[in-house]
Amino acid sequence: MRAHLVVGGGEHAATVTDRVAATTSLRPLVRSREPDGHDPVLEAIEHHLDRLLAALDLPSPVVADLVARLLPAELPGLLHLARSLDQATADGHELVTEVDTEVSRLLDLPQRVARAFAAFVPVVARWEVLVAPEGVGALPCPKPPVLAALREGADLLEGLDSALADPGRTAIHLAAPDGPVGSARRADAEVLLALMGRTLTAVHPPGGTGVEHLPVAASPDLPPVERRGQEWLLHIGLPGVRAAELDLVRHEDELVLGCAGRTRRVLLPSVLRRCEVERAGVAGGVLTLTMTPDERVWPRG
């Protein structure tokens, strides 16, 4: 299955979507429909969040900030897109859809919200131990559907994030407005996709007669992880990113990659989680980290 996502919010996005659909006929083709009703994941989480926030009696600005972080306005559309991708995969169909979400939010939110949901799973599972022990406080205990909704939401959004990062599964067509707004959205998309290890598939100029096809990021002729003596090398594709533009921070089992104000979290392979970063370098659009075993948890033999 390959999905074609038309993003960018330009007035010509519908025309581009029709054009892409007309030229995509290798497999049975489906067009994503608008969501029909409320998503069950959101229903379960919103219901408990309302009860919890009412019990906490927090100031309105704090409540608004919490809701925006946990349940951004784009979340219903992202969950619907994730479900559409899963269904098209199961049916072996080609999916073409216009995504009515700011391109930077589409590429950034799935990973962020998935991690937030996943972080709440152990808290909700042990609520009476970690949050509100018996006889202490009056915070309402989540009902079983909340735990299931958090797990399902995290799985759906992680799957969407993986699909967005995989040029073999999704083609991302940018149909942004003309002028500075469109240029800014293209720059945002290029940075975020680079941090995901890929480039834009195509840019559709307003009023253009054709499609400006961009080169697909070349897969580095290197394994993601390789061992050289007592060292391990981790290779991460970052097409178009230069060393001077990249911020790199190790946080527990993750790497936090930053460029032009955008960030991306990358989970380290399990074999490298007991290693320390010795040095890092960027060449040819590939970040290479040299890592050595941490003797405190992995004594050398």
# chains A, B, ... in the order shown; residues from 1 in each chain; ligands from 1
call {"tool": "residues_around", "arguments": {"residues": "Glu158 in chain A", "least_positions_apart": "2", "cutoff": "7 Å", "atoms": "only C-alpha atoms", "output": "number ranges by chain"}}
result
A: 110-111, 114, 154-156, 160-162
call {"tool": "residues_around", "arguments": {"residues": "Val249 in chain A", "least_positions_apart": "3", "cutoff": "10 Å", "atoms": "only C-alpha atoms", "output": "PyMOL selection string"}}
result
chain A and resi 252+254-258+265+277
call {"tool": "closest_residue", "arguments": {"among": "A:Val41, A:Ile172, A:Leu66, A:Val282", "to": "Glu98 in chain A", "atoms": "only C-alpha atoms"}}
result
A:Ile172
call {"tool": "atom_distance", "arguments": {"atom1": "CA of Glu46 in chain A", "atom2": "CA of Leu71 in chain A"}}
result
8.2 Å
call {"tool": "residues_around", "arguments": {"residues": "Val266 in chain A", "least_positions_apart": "2", "cutoff": "10 Å", "atoms": "only C-alpha atoms", "output": "VMD selection string"}}
result
chain A and resid 195 to 196 236 250 to 251 253 to 257 263 to 264 268 to 269
call {"tool": "write_last_selection", "arguments": {"atoms": "C-alpha atoms", "output": "short mmCIF file (atom, residue, chain, number, x, y, z; two decimals), in the first residue's frame"}}
result
data_model
loop_
_atom_site.label_atom_id
_atom_site.label_comp_id
_atom_site.auth_asym_id
_atom_site.auth_seq_id
_atom_site.Cartn_x
_atom_site.Cartn_y
_atom_site.Cartn_z
CA LEU A 195 14.76 14.91 10.88
CA MET A 196 12.54 11.94 9.95
CA ILE A 236 20.75 8.15 10.96
CA ARG A 250 21.10 12.27 24.58
CA HIS A 251 18.19 11.82 26.98
CA ASP A 253 17.27 5.92 25.83
CA GLU A 254 16.52 8.60 23.24
CA LEU A 255 18.33 11.04 21.02
CA VAL A 256 16.74 14.46 20.62
CA LEU A 257 17.61 15.89 17.20
CA THR A 263 12.96 18.64 17.15
CA ARG A 264 12.66 14.91 16.66
CA LEU A 268 18.07 4.17 20.45
CA PRO A 269 18.29 0.53 19.33
#
call {"tool": "residues_around", "arguments": {"residues": "Pro167 in chain A", "least_positions_apart": "5", "cutoff": "10 Å", "atoms": "only C-alpha atoms", "output": "PyMOL selection string"}}
result
chain A and resi 2-3+162+172+197-201+216-217
call {"tool": "closest_residue", "arguments": {"among": "A:His12, A:Arg83, A:His38, A:His235", "to": "Gly159 in chain A", "atoms": "only C-alpha atoms"}}
result
A:Arg83
call {"tool": "select_by_dssp", "arguments": {"residues": "range 48-270 of chain A", "states": "strand (DSSP E or B)", "output": "NGL selection string"}}
result
:A and (94-98 or 170-174 or 202-203 or 212-213 or 225-228 or 231-237 or 246-251 or 254-259 or 262-267)
call {"tool": "closest_residue", "arguments": {"among": "A:Glu190, A:Asp247, A:Glu276, A:Glu74", "to": "Pro293 in chain A", "atoms": "only C-alpha atoms"}}
result
A:Glu276
call {"tool": "residues_around", "arguments": {"residues": "Ser104 in chain A", "least_positions_apart": "2", "cutoff": "8 Å", "atoms": "only C-alpha atoms", "output": "list in words"}}
result
Glu102, Leu106, Leu107, Asp108, Arg185, Asp188, Ala189 and Leu192 of chain A
call {"tool": "write_last_selection", "arguments": {"atoms": "all heavy atoms", "output": "short mmCIF file (atom, residue, chain, number, x, y, z; two decimals), in the first residue's frame"}}
result
data_model
loop_
_atom_site.label_atom_id
_atom_site.label_comp_id
_atom_site.auth_asym_id
_atom_site.auth_seq_id
_atom_site.Cartn_x
_atom_site.Cartn_y
_atom_site.Cartn_z
N GLU A 102 -2.09 21.83 9.20
CA GLU A 102 -0.85 22.53 8.91
C GLU A 102 0.29 21.52 8.79
O GLU A 102 0.44 20.62 9.61
CB GLU A 102 -0.55 23.52 10.04
CG GLU A 102 0.77 24.22 9.94
CD GLU A 102 0.83 25.19 8.77
OE1 GLU A 102 -0.18 25.87 8.52
OE2 GLU A 102 1.89 25.25 8.13
N LEU A 106 1.21 18.32 11.16
CA LEU A 106 1.04 16.93 10.72
C LEU A 106 2.29 16.12 10.97
O LEU A 106 2.23 14.96 11.42
CB LEU A 106 0.69 16.91 9.23
CG LEU A 106 0.72 15.53 8.56
CD1 LEU A 106 -0.39 14.64 9.10
CD2 LEU A 106 0.63 15.66 7.05
N LEU A 107 3.44 16.69 10.70
CA LEU A 107 4.69 15.95 10.81
C LEU A 107 5.22 15.90 12.25
O LEU A 107 6.05 15.04 12.56
CB LEU A 107 5.75 16.58 9.90
CG LEU A 107 5.42 16.56 8.41
CD1 LEU A 107 6.47 17.34 7.62
CD2 LEU A 107 5.32 15.14 7.89
N ASP A 108 4.75 16.80 13.09
CA ASP A 108 5.29 16.90 14.45
C ASP A 108 4.38 16.27 15.51
O ASP A 108 4.86 15.61 16.43
CB ASP A 108 5.52 18.38 14.79
CG ASP A 108 6.14 18.57 16.15
OD1 ASP A 108 7.22 18.00 16.40
OD2 ASP A 108 5.56 19.28 16.98
N ARG A 185 6.03 27.24 4.73
CA ARG A 185 5.53 25.88 4.96
C ARG A 185 6.44 24.84 4.30
O ARG A 185 6.64 23.76 4.85
CB ARG A 185 4.09 25.76 4.44
CG ARG A 185 3.11 26.57 5.27
CD ARG A 185 1.68 26.43 4.83
NE ARG A 185 0.82 27.30 5.62
CZ ARG A 185 -0.48 27.44 5.42
NH1 ARG A 185 -1.08 26.77 4.44
NH2 ARG A 185 -1.19 28.24 6.19
N ASP A 188 9.47 24.51 6.58
CA ASP A 188 9.11 23.71 7.75
C ASP A 188 9.05 22.23 7.40
O ASP A 188 9.57 21.38 8.13
CB ASP A 188 7.74 24.14 8.29
CG ASP A 188 7.87 25.05 9.51
OD1 ASP A 188 8.98 25.19 10.03
OD2 ASP A 188 6.85 25.62 9.92
N ALA A 189 8.39 21.92 6.29
CA ALA A 189 8.25 20.52 5.88
C ALA A 189 9.60 19.89 5.60
O ALA A 189 9.86 18.75 6.01
CB ALA A 189 7.36 20.43 4.63
N LEU A 192 11.45 19.21 9.03
CA LEU A 192 10.85 18.12 9.80
C LEU A 192 11.03 16.77 9.11
O LEU A 192 11.32 15.76 9.76
CB LEU A 192 9.37 18.40 10.04
CG LEU A 192 9.09 19.42 11.13
CD1 LEU A 192 7.68 19.99 11.01
CD2 LEU A 192 9.30 18.82 12.51
#
call {"tool": "select_by_dssp", "arguments": {"residues": "range 7-243 of chain A", "states": "helix (DSSP H, G or I)", "output": "ChimeraX atom specification"}}
result
/A:13-22,40-56,60-70,75-91,103-125,127-130,144-164,180-195,243
call {"tool": "residues_around", "arguments": {"residues": "Asp39 in chain A", "least_positions_apart": "3", "cutoff": "7 Å", "atoms": "only C-alpha atoms", "output": "number ranges by chain"}}
result
A: 42-43, 76
call {"tool": "write_last_selection", "arguments": {"atoms": "N, CA and C atoms", "output": "PDB file, in the first residue's frame"}}
result
ATOM      1  N   LEU A  42     -10.972   9.483  21.650  1.00  0.00           N
ATOM      2  CA  LEU A  42     -11.159  10.808  22.212  1.00  0.00           C
ATOM      3  C   LEU A  42     -12.299  10.842  23.216  1.00  0.00           C
ATOM      4  N   GLU A  43     -13.376  10.133  22.926  1.00  0.00           N
ATOM      5  CA  GLU A  43     -14.511  10.123  23.844  1.00  0.00           C
ATOM      6  C   GLU A  43     -14.107   9.651  25.231  1.00  0.00           C
ATOM      7  N   PRO A  76      -8.512  14.774  16.194  1.00  0.00           N
ATOM      8  CA  PRO A  76      -9.516  13.950  15.502  1.00  0.00           C
ATOM      9  C   PRO A  76      -9.123  13.616  14.064  1.00  0.00           C
TER      10      PRO A  76
END
call {"tool": "closest_residue", "arguments": {"among": "A:Glu231, A:Glu278, A:Asp178, A:Glu226", "to": "Gly8 in chain A", "atoms": "only C-alpha atoms"}}
result
A:Asp178
call {"tool": "residues_around", "arguments": {"residues": "Ala175 in chain A", "least_positions_apart": "6", "cutoff": "9 Å", "atoms": "only C-alpha atoms", "output": "PDB file with all heavy atoms, in the first residue's frame"}}
result
ATOM      1  N   VAL A   6      -1.836  14.966   0.388  1.00  0.00           N
ATOM      2  CA  VAL A   6      -1.702  16.315  -0.144  1.00  0.00           C
ATOM      3  C   VAL A   6      -1.826  17.277   1.032  1.00  0.00           C
ATOM      4  O   VAL A   6      -2.874  17.358   1.673  1.00  0.00           O
ATOM      5  CB  VAL A   6      -2.770  16.614  -1.209  1.00  0.00           C
ATOM      6  CG1 VAL A   6      -2.630  18.048  -1.720  1.00  0.00           C
ATOM      7  CG2 VAL A   6      -2.646  15.617  -2.367  1.00  0.00           C
ATOM      8  N   VAL A   7      -0.744  17.983   1.324  1.00  0.00           N
ATOM      9  CA  VAL A   7      -0.696  18.826   2.517  1.00  0.00           C
ATOM     10  C   VAL A   7      -0.298  20.239   2.127  1.00  0.00           C
ATOM     11  O   VAL A   7       0.157  20.485   1.013  1.00  0.00           O
ATOM     12  CB  VAL A   7       0.319  18.268   3.547  1.00  0.00           C
ATOM     13  CG1 VAL A   7      -0.055  16.868   3.976  1.00  0.00           C
ATOM     14  CG2 VAL A   7       1.737  18.273   2.973  1.00  0.00           C
ATOM     15  N   GLY A   8      -0.492  21.166   3.045  1.00  0.00           N
ATOM     16  CA  GLY A   8      -0.009  22.518   2.828  1.00  0.00           C
ATOM     17  C   GLY A   8      -1.056  23.597   2.864  1.00  0.00           C
ATOM     18  O   GLY A   8      -0.752  24.768   3.012  1.00  0.00           O
ATOM     19  N   GLY A   9      -2.338  23.223   2.700  1.00  0.00           N
ATOM     20  CA  GLY A   9      -3.413  24.187   2.881  1.00  0.00           C
ATOM     21  C   GLY A   9      -3.595  25.206   1.784  1.00  0.00           C
ATOM     22  O   GLY A   9      -4.275  26.215   1.988  1.00  0.00           O
ATOM     23  N   GLY A  10      -3.012  24.986   0.618  1.00  0.00           N
ATOM     24  CA  GLY A  10      -3.206  25.928  -0.482  1.00  0.00           C
ATOM     25  C   GLY A  10      -4.599  25.817  -1.073  1.00  0.00           C
ATOM     26  O   GLY A  10      -5.269  24.783  -0.971  1.00  0.00           O
ATOM     27  N   GLU A  11      -5.057  26.911  -1.733  1.00  0.00           N
ATOM     28  CA  GLU A  11      -6.392  26.904  -2.328  1.00  0.00           C
ATOM     29  C   GLU A  11      -6.513  25.877  -3.441  1.00  0.00           C
ATOM     30  O   GLU A  11      -7.614  25.450  -3.797  1.00  0.00           O
ATOM     31  CB  GLU A  11      -6.727  28.298  -2.879  1.00  0.00           C
ATOM     32  CG  GLU A  11      -6.857  29.362  -1.786  1.00  0.00           C
ATOM     33  CD  GLU A  11      -7.200  30.723  -2.357  1.00  0.00           C
ATOM     34  OE1 GLU A  11      -7.263  30.844  -3.601  1.00  0.00           O
ATOM     35  OE2 GLU A  11      -7.402  31.657  -1.557  1.00  0.00           O
ATOM     36  N   HIS A  12      -5.391  25.489  -4.025  1.00  0.00           N
ATOM     37  CA  HIS A  12      -5.401  24.534  -5.131  1.00  0.00           C
ATOM     38  C   HIS A  12      -5.220  23.098  -4.652  1.00  0.00           C
ATOM     39  O   HIS A  12      -5.040  22.196  -5.460  1.00  0.00           O
ATOM     40  CB  HIS A  12      -4.292  24.882  -6.125  1.00  0.00           C
ATOM     41  CG  HIS A  12      -2.930  24.907  -5.513  1.00  0.00           C
ATOM     42  ND1 HIS A  12      -2.574  25.806  -4.533  1.00  0.00           N
ATOM     43  CD2 HIS A  12      -1.833  24.144  -5.710  1.00  0.00           C
ATOM     44  CE1 HIS A  12      -1.327  25.582  -4.179  1.00  0.00           C
ATOM     45  NE2 HIS A  12      -0.851  24.586  -4.866  1.00  0.00           N
ATOM     46  N   ALA A  13      -5.292  22.856  -3.323  1.00  0.00           N
ATOM     47  CA  ALA A  13      -5.040  21.515  -2.797  1.00  0.00           C
ATOM     48  C   ALA A  13      -6.039  20.495  -3.340  1.00  0.00           C
ATOM     49  O   ALA A  13      -5.675  19.358  -3.649  1.00  0.00           O
ATOM     50  CB  ALA A  13      -5.073  21.528  -1.273  1.00  0.00           C
ATOM     51  N   VAL A  16      -5.027  19.534  -6.803  1.00  0.00           N
ATOM     52  CA  VAL A  16      -3.859  18.658  -6.748  1.00  0.00           C
ATOM     53  C   VAL A  16      -4.270  17.251  -6.341  1.00  0.00           C
ATOM     54  O   VAL A  16      -3.795  16.259  -6.915  1.00  0.00           O
ATOM     55  CB  VAL A  16      -2.807  19.225  -5.773  1.00  0.00           C
ATOM     56  CG1 VAL A  16      -1.694  18.221  -5.529  1.00  0.00           C
ATOM     57  CG2 VAL A  16      -2.239  20.525  -6.313  1.00  0.00           C
ATOM     58  N   GLY A 182       3.640  30.048   1.635  1.00  0.00           N
ATOM     59  CA  GLY A 182       3.976  28.764   1.037  1.00  0.00           C
ATOM     60  C   GLY A 182       5.438  28.419   1.198  1.00  0.00           C
ATOM     61  O   GLY A 182       5.794  27.269   1.475  1.00  0.00           O
ATOM     62  N   ALA A 202       6.954  15.618  -3.582  1.00  0.00           N
ATOM     63  CA  ALA A 202       6.679  16.518  -4.701  1.00  0.00           C
ATOM     64  C   ALA A 202       6.148  17.835  -4.180  1.00  0.00           C
ATOM     65  O   ALA A 202       5.528  17.900  -3.128  1.00  0.00           O
ATOM     66  CB  ALA A 202       5.668  15.884  -5.665  1.00  0.00           C
ATOM     67  N   VAL A 203       6.404  18.893  -4.954  1.00  0.00           N
ATOM     68  CA  VAL A 203       5.835  20.206  -4.678  1.00  0.00           C
ATOM     69  C   VAL A 203       5.010  20.606  -5.890  1.00  0.00           C
ATOM     70  O   VAL A 203       5.468  20.518  -7.020  1.00  0.00           O
ATOM     71  CB  VAL A 203       6.944  21.253  -4.419  1.00  0.00           C
ATOM     72  CG1 VAL A 203       6.340  22.648  -4.263  1.00  0.00           C
ATOM     73  CG2 VAL A 203       7.748  20.882  -3.188  1.00  0.00           C
ATOM     74  N   HIS A 204       3.773  21.015  -5.626  1.00  0.00           N
ATOM     75  CA  HIS A 204       2.866  21.376  -6.716  1.00  0.00           C
ATOM     76  C   HIS A 204       2.724  22.892  -6.744  1.00  0.00           C
ATOM     77  O   HIS A 204       2.025  23.461  -5.908  1.00  0.00           O
ATOM     78  CB  HIS A 204       1.497  20.726  -6.510  1.00  0.00           C
ATOM     79  CG  HIS A 204       1.550  19.229  -6.473  1.00  0.00           C
ATOM     80  ND1 HIS A 204       1.019  18.437  -7.462  1.00  0.00           N
ATOM     81  CD2 HIS A 204       2.090  18.372  -5.582  1.00  0.00           C
ATOM     82  CE1 HIS A 204       1.211  17.159  -7.170  1.00  0.00           C
ATOM     83  NE2 HIS A 204       1.854  17.100  -6.026  1.00  0.00           N
ATOM     84  N   PRO A 205       3.383  23.598  -7.667  1.00  0.00           N
ATOM     85  CA  PRO A 205       3.314  25.063  -7.685  1.00  0.00           C
ATOM     86  C   PRO A 205       1.903  25.546  -8.010  1.00  0.00           C
ATOM     87  O   PRO A 205       1.218  24.953  -8.854  1.00  0.00           O
ATOM     88  CB  PRO A 205       4.296  25.445  -8.800  1.00  0.00           C
ATOM     89  CG  PRO A 205       5.109  24.213  -9.054  1.00  0.00           C
ATOM     90  CD  PRO A 205       4.218  23.067  -8.725  1.00  0.00           C
ATOM     91  N   PRO A 206       1.456  26.620  -7.375  1.00  0.00           N
ATOM     92  CA  PRO A 206       0.149  27.180  -7.714  1.00  0.00           C
ATOM     93  C   PRO A 206       0.094  27.575  -9.181  1.00  0.00           C
ATOM     94  O   PRO A 206       0.971  28.271  -9.680  1.00  0.00           O
ATOM     95  CB  PRO A 206       0.043  28.406  -6.800  1.00  0.00           C
ATOM     96  CG  PRO A 206       0.999  28.141  -5.679  1.00  0.00           C
ATOM     97  CD  PRO A 206       2.113  27.345  -6.287  1.00  0.00           C
TER      98      PRO A 206
END
call {"tool": "closest_residue", "arguments": {"among": "A:Gly168, A:Pro180, A:Ala187, A:Gln230", "to": "Gly261 in chain A", "atoms": "only C-alpha atoms"}}
result
A:Ala187
call {"tool": "atom_distance", "arguments": {"atom1": "CA of Cys141 in chain A", "atom2": "CA of Leu49 in chain A"}}
result
10.8 Å
call {"tool": "closest_residue", "arguments": {"among": "A:Val99, A:Ala64, A:Val286, A:Ala171", "to": "Pro223 in chain A", "atoms": "only C-alpha atoms"}}
result
A:Val286
